[in-house]
>>> print(open('query-v2.cif').read())   # mmCIF, C-alpha atoms
data_upload
loop_
_atom_site.group_PDB
_atom_site.id
_atom_site.type_symbol
_atom_site.label_atom_id
_atom_site.label_comp_id
_atom_site.auth_asym_id
_atom_site.auth_seq_id
_atom_site.Cartn_x
_atom_site.Cartn_y
_atom_site.Cartn_z
ATOM 1 C CA MET Z 1 -13.304 -120.625 -30.752
ATOM 2 C CA ARG Z 2 -13.842 -121.080 -27.019
ATOM 3 C CA SER Z 3 -17.272 -120.831 -25.427
ATOM 4 C CA PHE Z 4 -18.325 -120.777 -21.801
ATOM 5 C CA ALA Z 5 -21.502 -120.304 -19.769
ATOM 6 C CA HIS Z 6 -22.455 -118.204 -16.768
ATOM 7 C CA ASP Z 7 -25.122 -120.346 -15.076
ATOM 8 C CA LEU Z 8 -26.800 -118.042 -12.574
ATOM 9 C CA PRO Z 9 -29.236 -118.927 -9.761
ATOM 10 C CA ALA Z 10 -32.943 -118.303 -10.387
ATOM 11 C CA ALA Z 11 -32.901 -115.632 -7.681
ATOM 12 C CA THR Z 12 -30.412 -113.503 -9.636
ATOM 13 C CA SER Z 13 -31.709 -109.949 -9.846
ATOM 14 C CA GLN Z 14 -32.251 -108.124 -13.105
ATOM 15 C CA GLN Z 15 -29.536 -105.633 -12.221
ATOM 16 C CA GLU Z 16 -27.033 -108.419 -11.538
ATOM 17 C CA LEU Z 17 -27.767 -109.927 -14.937
ATOM 18 C CA LEU Z 18 -27.516 -106.540 -16.653
ATOM 19 C CA ASP Z 19 -24.194 -105.909 -14.910
ATOM 20 C CA LEU Z 20 -22.849 -109.227 -16.204
ATOM 21 C CA VAL Z 21 -23.956 -108.388 -19.746
ATOM 22 C CA ALA Z 22 -22.267 -104.990 -19.437
ATOM 23 C CA ARG Z 23 -18.988 -106.622 -18.376
ATOM 24 C CA LEU Z 24 -19.141 -109.014 -21.326
ATOM 25 C CA ASN Z 25 -19.942 -106.128 -23.678
ATOM 26 C CA ALA Z 26 -16.824 -104.327 -22.486
ATOM 27 C CA ASP Z 27 -14.551 -107.377 -22.703
ATOM 28 C CA PRO Z 28 -12.668 -107.178 -26.053
ATOM 29 C CA ALA Z 29 -11.936 -110.921 -25.875
ATOM 30 C CA VAL Z 30 -15.667 -111.727 -25.982
ATOM 31 C CA ASN Z 31 -17.254 -111.405 -29.405
ATOM 32 C CA GLY Z 32 -20.575 -113.176 -28.913
ATOM 33 C CA ILE Z 33 -23.229 -113.110 -26.167
ATOM 34 C CA LEU Z 34 -26.367 -115.237 -25.926
ATOM 35 C CA VAL Z 35 -28.845 -115.034 -23.034
ATOM 36 C CA GLN Z 36 -30.931 -118.194 -22.762
ATOM 37 C CA LEU Z 37 -34.658 -117.427 -22.811
ATOM 38 C CA PRO Z 38 -37.160 -117.567 -21.193
ATOM 39 C CA LEU Z 39 -35.989 -115.777 -18.053
ATOM 40 C CA PRO Z 40 -37.577 -115.805 -14.576
ATOM 41 C CA LYS Z 41 -40.670 -113.614 -14.314
ATOM 42 C CA HIS Z 42 -38.947 -110.925 -12.241
ATOM 43 C CA ILE Z 43 -36.520 -110.157 -15.095
ATOM 44 C CA ASP Z 44 -37.531 -108.026 -18.087
ATOM 45 C CA GLU Z 45 -36.364 -109.972 -21.146
ATOM 46 C CA GLU Z 46 -36.536 -106.933 -23.411
ATOM 47 C CA ALA Z 47 -34.335 -104.889 -21.088
ATOM 48 C CA VAL Z 48 -31.730 -107.670 -21.059
ATOM 49 C CA THR Z 49 -31.876 -108.222 -24.822
ATOM 50 C CA GLU Z 50 -31.454 -104.517 -25.491
ATOM 51 C CA ARG Z 51 -28.466 -104.296 -23.145
ATOM 52 C CA ILE Z 52 -26.421 -106.706 -25.301
ATOM 53 C CA ALA Z 53 -24.101 -104.890 -27.698
ATOM 54 C CA PRO Z 54 -25.652 -105.312 -31.189
ATOM 55 C CA LEU Z 55 -22.403 -106.596 -32.711
ATOM 56 C CA LYS Z 56 -22.175 -109.266 -29.975
ATOM 57 C CA ASP Z 57 -25.859 -110.220 -30.158
ATOM 58 C CA VAL Z 58 -25.457 -113.671 -31.712
ATOM 59 C CA ASP Z 59 -29.182 -114.413 -31.243
ATOM 60 C CA GLY Z 60 -30.010 -111.432 -33.463
ATOM 61 C CA PHE Z 61 -32.779 -110.227 -31.117
ATOM 62 C CA HIS Z 62 -31.530 -106.691 -30.454
ATOM 63 C CA PRO Z 63 -33.776 -104.032 -32.081
ATOM 64 C CA TYR Z 64 -30.774 -102.867 -34.132
ATOM 65 C CA ASN Z 65 -30.328 -106.305 -35.680
ATOM 66 C CA ILE Z 66 -34.054 -106.832 -36.241
ATOM 67 C CA GLY Z 67 -34.210 -103.360 -37.808
ATOM 68 C CA ARG Z 68 -31.388 -104.260 -40.179
ATOM 69 C CA LEU Z 69 -33.337 -107.380 -41.162
ATOM 70 C CA VAL Z 70 -36.442 -105.275 -41.850
ATOM 71 C CA LEU Z 71 -34.362 -103.031 -44.124
ATOM 72 C CA LYS Z 72 -32.946 -106.060 -46.000
ATOM 73 C CA ARG Z 73 -29.458 -105.227 -44.696
ATOM 74 C CA PRO Z 74 -28.998 -108.000 -42.110
ATOM 75 C CA THR Z 75 -25.961 -108.421 -39.910
ATOM 76 C CA LEU Z 76 -26.486 -110.944 -37.084
ATOM 77 C CA ARG Z 77 -29.752 -112.804 -37.670
ATOM 78 C CA PRO Z 78 -32.058 -114.894 -35.439
ATOM 79 C CA CYS Z 79 -30.596 -118.353 -35.889
ATOM 80 C CA THR Z 80 -33.756 -120.504 -36.021
ATOM 81 C CA PRO Z 81 -35.376 -118.633 -38.946
ATOM 82 C CA TYR Z 82 -32.009 -118.412 -40.712
ATOM 83 C CA GLY Z 83 -31.521 -122.147 -40.202
ATOM 84 C CA CYS Z 84 -34.961 -122.804 -41.686
ATOM 85 C CA MET Z 85 -34.018 -120.699 -44.721
ATOM 86 C CA THR Z 86 -30.863 -122.765 -45.118
ATOM 87 C CA LEU Z 87 -32.953 -125.960 -45.120
ATOM 88 C CA LEU Z 88 -35.329 -124.518 -47.703
ATOM 89 C CA LYS Z 89 -32.491 -123.396 -49.964
ATOM 90 C CA ASP Z 90 -30.848 -126.816 -49.637
ATOM 91 C CA THR Z 91 -33.862 -128.333 -51.431
ATOM 92 C CA GLY Z 92 -32.607 -126.636 -54.583
ATOM 93 C CA GLU Z 93 -36.014 -125.168 -55.384
ATOM 94 C CA ASP Z 94 -36.432 -121.558 -56.433
ATOM 95 C CA LEU Z 95 -38.232 -119.757 -53.596
ATOM 96 C CA VAL Z 96 -39.083 -116.637 -55.625
ATOM 97 C CA GLY Z 97 -42.833 -116.134 -55.885
ATOM 98 C CA LYS Z 98 -43.716 -119.033 -53.570
ATOM 99 C CA HIS Z 99 -46.586 -118.526 -51.132
ATOM 100 C CA ALA Z 100 -45.147 -118.982 -47.635
ATOM 101 C CA VAL Z 101 -47.402 -119.412 -44.614
ATOM 102 C CA VAL Z 102 -45.814 -118.700 -41.226
ATOM 103 C CA ILE Z 103 -47.706 -119.916 -38.154
ATOM 104 C CA GLY Z 104 -46.763 -117.874 -35.100
ATOM 105 C CA GLN Z 105 -45.820 -114.231 -34.607
ATOM 106 C CA SER Z 106 -43.165 -114.428 -31.883
ATOM 107 C CA ASN Z 107 -40.128 -112.160 -31.960
ATOM 108 C CA ILE Z 108 -37.921 -115.254 -31.821
ATOM 109 C CA VAL Z 109 -39.309 -117.218 -34.787
ATOM 110 C CA GLY Z 110 -42.453 -115.984 -36.518
ATOM 111 C CA ARG Z 111 -41.654 -112.350 -37.236
ATOM 112 C CA PRO Z 112 -38.011 -112.790 -38.304
ATOM 113 C CA MET Z 113 -39.023 -115.884 -40.300
ATOM 114 C CA ALA Z 114 -41.507 -113.782 -42.266
ATOM 115 C CA LEU Z 115 -38.811 -111.171 -42.911
ATOM 116 C CA GLU Z 116 -36.364 -113.828 -44.141
ATOM 117 C CA LEU Z 117 -38.990 -115.199 -46.523
ATOM 118 C CA LEU Z 118 -39.785 -111.699 -47.795
ATOM 119 C CA MET Z 119 -36.079 -111.193 -48.543
ATOM 120 C CA ALA Z 120 -36.229 -114.405 -50.575
ATOM 121 C CA ARG Z 121 -39.110 -112.758 -52.523
ATOM 122 C CA CYS Z 122 -41.810 -115.076 -51.269
ATOM 123 C CA THR Z 123 -45.394 -113.927 -50.770
ATOM 124 C CA VAL Z 124 -45.871 -114.254 -47.017
ATOM 125 C CA THR Z 125 -48.959 -114.870 -44.896
ATOM 126 C CA ILE Z 126 -48.530 -114.699 -41.103
ATOM 127 C CA CYS Z 127 -51.009 -116.643 -38.974
ATOM 128 C CA HIS Z 128 -51.551 -116.466 -35.204
ATOM 129 C CA SER Z 129 -53.971 -117.475 -32.458
ATOM 130 C CA ALA Z 130 -56.730 -115.186 -33.791
ATOM 131 C CA THR Z 131 -56.425 -116.333 -37.428
ATOM 132 C CA ARG Z 132 -59.677 -117.624 -38.899
ATOM 133 C CA ASP Z 133 -59.714 -120.890 -40.855
ATOM 134 C CA LEU Z 134 -56.099 -121.706 -40.125
ATOM 135 C CA PRO Z 135 -56.201 -125.100 -41.899
ATOM 136 C CA GLY Z 136 -57.586 -123.448 -45.035
ATOM 137 C CA LEU Z 137 -54.832 -120.836 -45.108
ATOM 138 C CA VAL Z 138 -52.111 -123.420 -44.462
ATOM 139 C CA ARG Z 139 -53.393 -125.523 -47.378
ATOM 140 C CA GLN Z 140 -52.653 -122.589 -49.695
ATOM 141 C CA GLY Z 141 -48.976 -122.521 -48.774
ATOM 142 C CA ASP Z 142 -46.164 -123.716 -51.014
ATOM 143 C CA ILE Z 143 -43.990 -123.310 -47.886
ATOM 144 C CA VAL Z 144 -45.284 -123.733 -44.335
ATOM 145 C CA VAL Z 145 -43.247 -122.837 -41.253
ATOM 146 C CA ALA Z 146 -44.753 -123.545 -37.832
ATOM 147 C CA GLY Z 147 -43.232 -121.643 -34.928
ATOM 148 C CA VAL Z 148 -45.824 -122.225 -32.217
ATOM 149 C CA GLY Z 149 -43.683 -124.221 -29.760
ATOM 150 C CA LYS Z 150 -45.968 -127.251 -29.933
ATOM 151 C CA ALA Z 151 -44.936 -130.392 -31.774
ATOM 152 C CA GLY Z 152 -47.628 -131.899 -33.998
ATOM 153 C CA PHE Z 153 -49.699 -128.703 -34.093
ATOM 154 C CA VAL Z 154 -49.927 -128.753 -37.889
ATOM 155 C CA ARG Z 155 -51.798 -131.800 -39.169
ATOM 156 C CA GLY Z 156 -50.553 -133.658 -42.213
ATOM 157 C CA ASP Z 157 -53.786 -133.081 -44.112
ATOM 158 C CA TRP Z 158 -53.224 -129.319 -43.810
ATOM 159 C CA ILE Z 159 -50.200 -129.522 -46.135
ATOM 160 C CA LYS Z 160 -50.953 -129.550 -49.824
ATOM 161 C CA PRO Z 161 -49.096 -132.072 -52.029
ATOM 162 C CA GLY Z 162 -45.633 -130.883 -52.996
ATOM 163 C CA ALA Z 163 -45.440 -128.170 -50.322
ATOM 164 C CA ARG Z 164 -42.396 -127.736 -48.083
ATOM 165 C CA SER Z 165 -42.981 -127.694 -44.348
ATOM 166 C CA SER Z 166 -40.740 -126.953 -41.383
ATOM 167 C CA SER Z 167 -41.490 -127.048 -37.668
ATOM 168 C CA THR Z 168 -39.375 -125.257 -35.077
ATOM 169 C CA SER Z 169 -40.834 -127.247 -32.166
ATOM 170 C CA ALA Z 170 -38.087 -129.005 -30.246
ATOM 171 C CA SER Z 171 -40.385 -130.972 -27.923
ATOM 172 C CA THR Z 172 -44.015 -131.513 -26.986
ATOM 173 C CA ALA Z 173 -43.613 -129.705 -23.651
ATOM 174 C CA PRO Z 174 -43.831 -125.889 -23.477
ATOM 175 C CA PRO Z 175 -40.631 -124.158 -22.317
ATOM 176 C CA LYS Z 176 -40.385 -123.194 -18.668
ATOM 177 C CA ALA Z 177 -38.613 -120.179 -17.234
ATOM 178 C CA SER Z 178 -35.360 -121.243 -15.646
ATOM 179 C CA SER Z 179 -32.249 -119.758 -14.155
ATOM 180 C CA PRO Z 180 -30.597 -117.064 -16.267
ATOM 181 C CA ALA Z 181 -27.803 -118.437 -18.404
ATOM 182 C CA THR Z 182 -25.484 -116.295 -20.468
ATOM 183 C CA SER Z 183 -23.299 -118.007 -23.048
ATOM 184 C CA THR Z 184 -20.318 -116.257 -24.549
ATOM 185 C CA SER Z 185 -17.694 -117.080 -27.113
ATOM 186 C CA ARG Z 186 -14.128 -115.922 -27.453
ATOM 187 C CA ARG Z 187 -12.399 -115.811 -30.796
ATOM 188 C CA PRO Z 188 -9.960 -113.386 -32.434
ATOM 189 C CA GLY Z 189 -11.485 -111.248 -35.143
ATOM 190 C CA LYS Z 190 -15.065 -110.528 -36.115
ATOM 191 C CA SER Z 191 -18.278 -111.444 -34.333
ATOM 192 C CA PRO Z 192 -19.472 -114.943 -35.264
ATOM 193 C CA GLY Z 193 -22.275 -115.285 -37.793
ATOM 194 C CA GLY Z 194 -23.641 -118.145 -39.837
ATOM 195 C CA SER Z 195 -26.617 -120.384 -39.293
ATOM 196 C CA ARG Z 196 -27.699 -123.088 -36.918
ATOM 197 C CA ARG Z 197 -29.827 -126.035 -37.904
ATOM 198 C CA CYS Z 198 -33.505 -125.456 -37.225
ATOM 199 C CA PRO Z 199 -34.548 -127.548 -34.173
ATOM 200 C CA GLY Z 200 -37.015 -130.277 -35.087
ATOM 201 C CA ALA Z 201 -37.130 -129.126 -38.710
ATOM 202 C CA SER Z 202 -38.340 -131.424 -41.432
ATOM 203 C CA GLY Z 203 -38.946 -130.987 -45.121
ATOM 204 C CA ARG Z 204 -41.563 -132.576 -47.292
#
>>> encode(input="query-v2.cif", output="structure tokens")
Amino acid sequence: MRSFAHDLPAATSQQELLDLVARLNADPAVNGILVQLPLPKHIDEEAVTERIAPLKDVDGFHPYNIGRLVLKRPTLRPCTPYGCMTLLKDTGEDLVGKHAVVIGQSNIVGRPMALELLMARCTVTICHSATRDLPGLVRQGDIVVAGVGKAGFVRGDWIKPGARSSSTSASTAPPKASSPATSTSRRPGKSPGGSRRCPGASGR
């Protein structure tokens, strides 16, 4: 497999970025496209995400791929939630019937994470900024996944003994919008799948 990046200036227009995505969609030698988020404020992230061909959408963010996940017929899946599921399954514990608490409702982590846990037949509670008594709800979880983009958000005394916890926070600083970057991969055959290790994940 060969991968390469198109590092564009921050002043790149939305149309220029969409045109690049269209060229990569049409290139039969390219079988995977990933647009690094967040994008500058003048670019509509949803418009860019939806322009990527679903079978080349290696981030799994296109509505087609999220819809397949909702229907329990996934193709390309958001890599961070899928990586967290891999970590949970690697513990060797049976996830069926476990109460999973997901903190965060983003399209990148929280929502697809909840869908992955539902497919594993967990009972899922989704928490967000308006959730009341967050510590109390987290203490009920057999599995806790925090996808709030803030390291250390979940306190240790929120986790009940024996529960499994995973954080998707990669750093203590919130992400900043930067120049658009589109990564692509070339490889003969099918579009790449698989999982990627969950950033900053830990199990206990």
>>> residues_near_point(input="query-v2.cif", point="(-40.8, -117.0, -48.9)", cutoff="10 Å", atoms="only C-alpha atoms", output="PyMOL selection string")
chain Z and resi 85+88+94-102+113-125+141-145
>>> closest_residue(input="query-v2.cif", among="Z:Val154, Z:Leu134, Z:Ala5, Z:Val109", to="Ile66 (chain Z)", atoms="only C-alpha atoms")
Z:Val109
>>> residues_around(input="query-v2.cif", residues="Ile43 (chain Z)", least_positions_apart="4", cutoff="9 Å", atoms="all atoms listed in the file", output="ChimeraX atom specification")
/Z:12-15,17,39,47-48
>>> closest_residue(input="query-v2.cif", among="Z:Leu55, Z:Ala29, Z:Ile126, Z:Leu87", to="Gln105 (chain Z)", atoms="only C-alpha atoms")
Z:Ile126
>>> closest_residue(input="query-v2.cif", among="Z:Ser3, Z:Thr80, Z:Asn31, Z:Gln140", to="Arg111 (chain Z)", atoms="all atoms listed in the file")
Z:Thr80
>>> closest_residue(input="query-v2.cif", among="Z:Pro112, Z:Phe153, Z:Arg164, Z:Ser106", to="Gly67 (chain Z)", atoms="all atoms listed in the file")
Z:Pro112
>>> residues_around(input="query-v2.cif", residues="Arg77 (chain Z)", least_positions_apart="2", cutoff="12 Å", atoms="only C-alpha atoms", output="JSON, numbers by chain")
{"Z": [54, 55, 56, 57, 58, 59, 60, 61, 62, 63, 64, 65, 66, 67, 68, 69, 70, 72, 73, 74, 75, 79, 80, 81, 82, 83, 84, 85, 107, 108, 109, 111, 112, 113, 115, 116, 192, 193, 194, 195, 196]}
>>> atom_distance(input="query-v2.cif", atom1="CA of Arg139 (chain Z)", atom2="CA of Leu71 (chain Z)")
29.6 Å
>>> atom_distance(input="query-v2.cif", atom1="CA of Leu37 (chain Z)", atom2="CA of Leu8 (chain Z)")
12.9 Å
>>> closest_residue(input="query-v2.cif", among="Z:His128, Z:Gln36, Z:Asp133, Z:Thr91", to="Thr49 (chain Z)", atoms="only C-alpha atoms")
Z:Gln36
>>> closest_residue(input="query-v2.cif", among="Z:Gly104, Z:Pro135, Z:Pro38, Z:Gly162", to="Gly149 (chain Z)", atoms="all atoms listed in the file")
Z:Gly104
>>> atom_distance(input="query-v2.cif", atom1="CA of Ala151 (chain Z)", atom2="CA of Asp44 (chain Z)")
27.2 Å
>>> decode(input="query-v2.cif", residues="region 60-71 of chain Z", atoms="all heavy atoms", output="short mmCIF file (atom, residue, chain, number, x, y, z; two decimals), in the first residue's frame")
data_model
loop_
_atom_site.label_atom_id
_atom_site.label_comp_id
_atom_site.auth_asym_id
_atom_site.auth_seq_id
_atom_site.Cartn_x
_atom_site.Cartn_y
_atom_site.Cartn_z
N GLY Z 60 -15.30 6.40 7.47
CA GLY Z 60 -16.62 5.87 7.76
C GLY Z 60 -17.63 6.93 8.16
O GLY Z 60 -18.63 6.62 8.81
N PHE Z 61 -17.41 8.20 7.75
CA PHE Z 61 -18.29 9.29 8.16
C PHE Z 61 -19.41 9.59 7.16
O PHE Z 61 -20.32 10.36 7.47
CB PHE Z 61 -17.49 10.58 8.37
CG PHE Z 61 -16.51 10.51 9.52
CD1 PHE Z 61 -15.42 11.37 9.57
CD2 PHE Z 61 -16.67 9.59 10.54
CE1 PHE Z 61 -14.52 11.31 10.61
CE2 PHE Z 61 -15.77 9.52 11.60
CZ PHE Z 61 -14.69 10.39 11.63
N HIS Z 62 -19.33 9.06 5.96
CA HIS Z 62 -20.36 9.34 4.96
C HIS Z 62 -21.71 8.79 5.46
O HIS Z 62 -21.77 7.73 6.09
CB HIS Z 62 -20.00 8.67 3.63
CG HIS Z 62 -20.85 9.10 2.48
ND1 HIS Z 62 -22.13 8.64 2.30
CD2 HIS Z 62 -20.61 9.97 1.46
CE1 HIS Z 62 -22.65 9.19 1.21
NE2 HIS Z 62 -21.75 10.00 0.69
N PRO Z 63 -22.82 9.53 5.21
CA PRO Z 63 -24.13 9.05 5.67
C PRO Z 63 -24.44 7.62 5.24
O PRO Z 63 -25.12 6.88 5.97
CB PRO Z 63 -25.10 10.05 5.04
CG PRO Z 63 -24.32 11.32 4.92
CD PRO Z 63 -22.92 10.87 4.59
N TYR Z 64 -23.95 7.21 4.07
CA TYR Z 64 -24.18 5.83 3.62
C TYR Z 64 -23.56 4.85 4.60
O TYR Z 64 -24.18 3.85 5.00
CB TYR Z 64 -23.60 5.63 2.23
CG TYR Z 64 -23.62 4.20 1.74
CD1 TYR Z 64 -24.75 3.66 1.14
CD2 TYR Z 64 -22.49 3.38 1.90
CE1 TYR Z 64 -24.77 2.34 0.71
CE2 TYR Z 64 -22.51 2.06 1.47
CZ TYR Z 64 -23.64 1.54 0.88
OH TYR Z 64 -23.66 0.23 0.46
N ASN Z 65 -22.30 5.11 4.99
CA ASN Z 65 -21.61 4.19 5.88
C ASN Z 65 -22.18 4.22 7.30
O ASN Z 65 -22.28 3.17 7.96
CB ASN Z 65 -20.11 4.50 5.89
CG ASN Z 65 -19.44 4.09 4.60
OD1 ASN Z 65 -19.75 3.05 4.03
ND2 ASN Z 65 -18.54 4.92 4.10
N ILE Z 66 -22.56 5.42 7.78
CA ILE Z 66 -23.20 5.49 9.09
C ILE Z 66 -24.55 4.78 9.05
O ILE Z 66 -24.93 4.06 9.99
CB ILE Z 66 -23.38 6.95 9.52
CG1 ILE Z 66 -22.02 7.60 9.80
CG2 ILE Z 66 -24.26 7.05 10.76
CD1 ILE Z 66 -21.26 7.00 10.97
N GLY Z 67 -25.29 4.95 7.94
CA GLY Z 67 -26.57 4.26 7.80
C GLY Z 67 -26.43 2.75 7.82
O GLY Z 67 -27.24 2.05 8.43
N ARG Z 68 -25.39 2.25 7.17
CA ARG Z 68 -25.12 0.80 7.20
C ARG Z 68 -24.84 0.34 8.63
O ARG Z 68 -25.26 -0.76 9.03
CB ARG Z 68 -23.95 0.47 6.29
CG ARG Z 68 -24.12 0.79 4.83
CD ARG Z 68 -24.78 -0.30 4.04
NE ARG Z 68 -24.17 -1.59 4.18
CZ ARG Z 68 -24.43 -2.61 3.36
NH1 ARG Z 68 -25.26 -2.45 2.34
NH2 ARG Z 68 -23.89 -3.78 3.54
N LEU Z 69 -24.13 1.17 9.39
CA LEU Z 69 -23.84 0.82 10.78
C LEU Z 69 -25.12 0.79 11.61
O LEU Z 69 -25.32 -0.11 12.44
CB LEU Z 69 -22.85 1.84 11.36
CG LEU Z 69 -22.30 1.57 12.77
CD1 LEU Z 69 -21.58 0.23 12.84
CD2 LEU Z 69 -21.36 2.70 13.19
N VAL Z 70 -26.01 1.74 11.37
CA VAL Z 70 -27.30 1.76 12.06
C VAL Z 70 -28.09 0.48 11.79
O VAL Z 70 -28.73 -0.09 12.69
CB VAL Z 70 -28.12 2.99 11.63
CG1 VAL Z 70 -29.56 2.89 12.16
CG2 VAL Z 70 -27.48 4.27 12.13
N LEU Z 71 -28.01 0.00 10.55
CA LEU Z 71 -28.76 -1.19 10.15
C LEU Z 71 -28.06 -2.50 10.49
O LEU Z 71 -28.51 -3.57 10.08
CB LEU Z 71 -29.03 -1.13 8.63
CG LEU Z 71 -29.92 0.02 8.15
CD1 LEU Z 71 -29.97 0.05 6.63
CD2 LEU Z 71 -31.32 -0.11 8.73
#
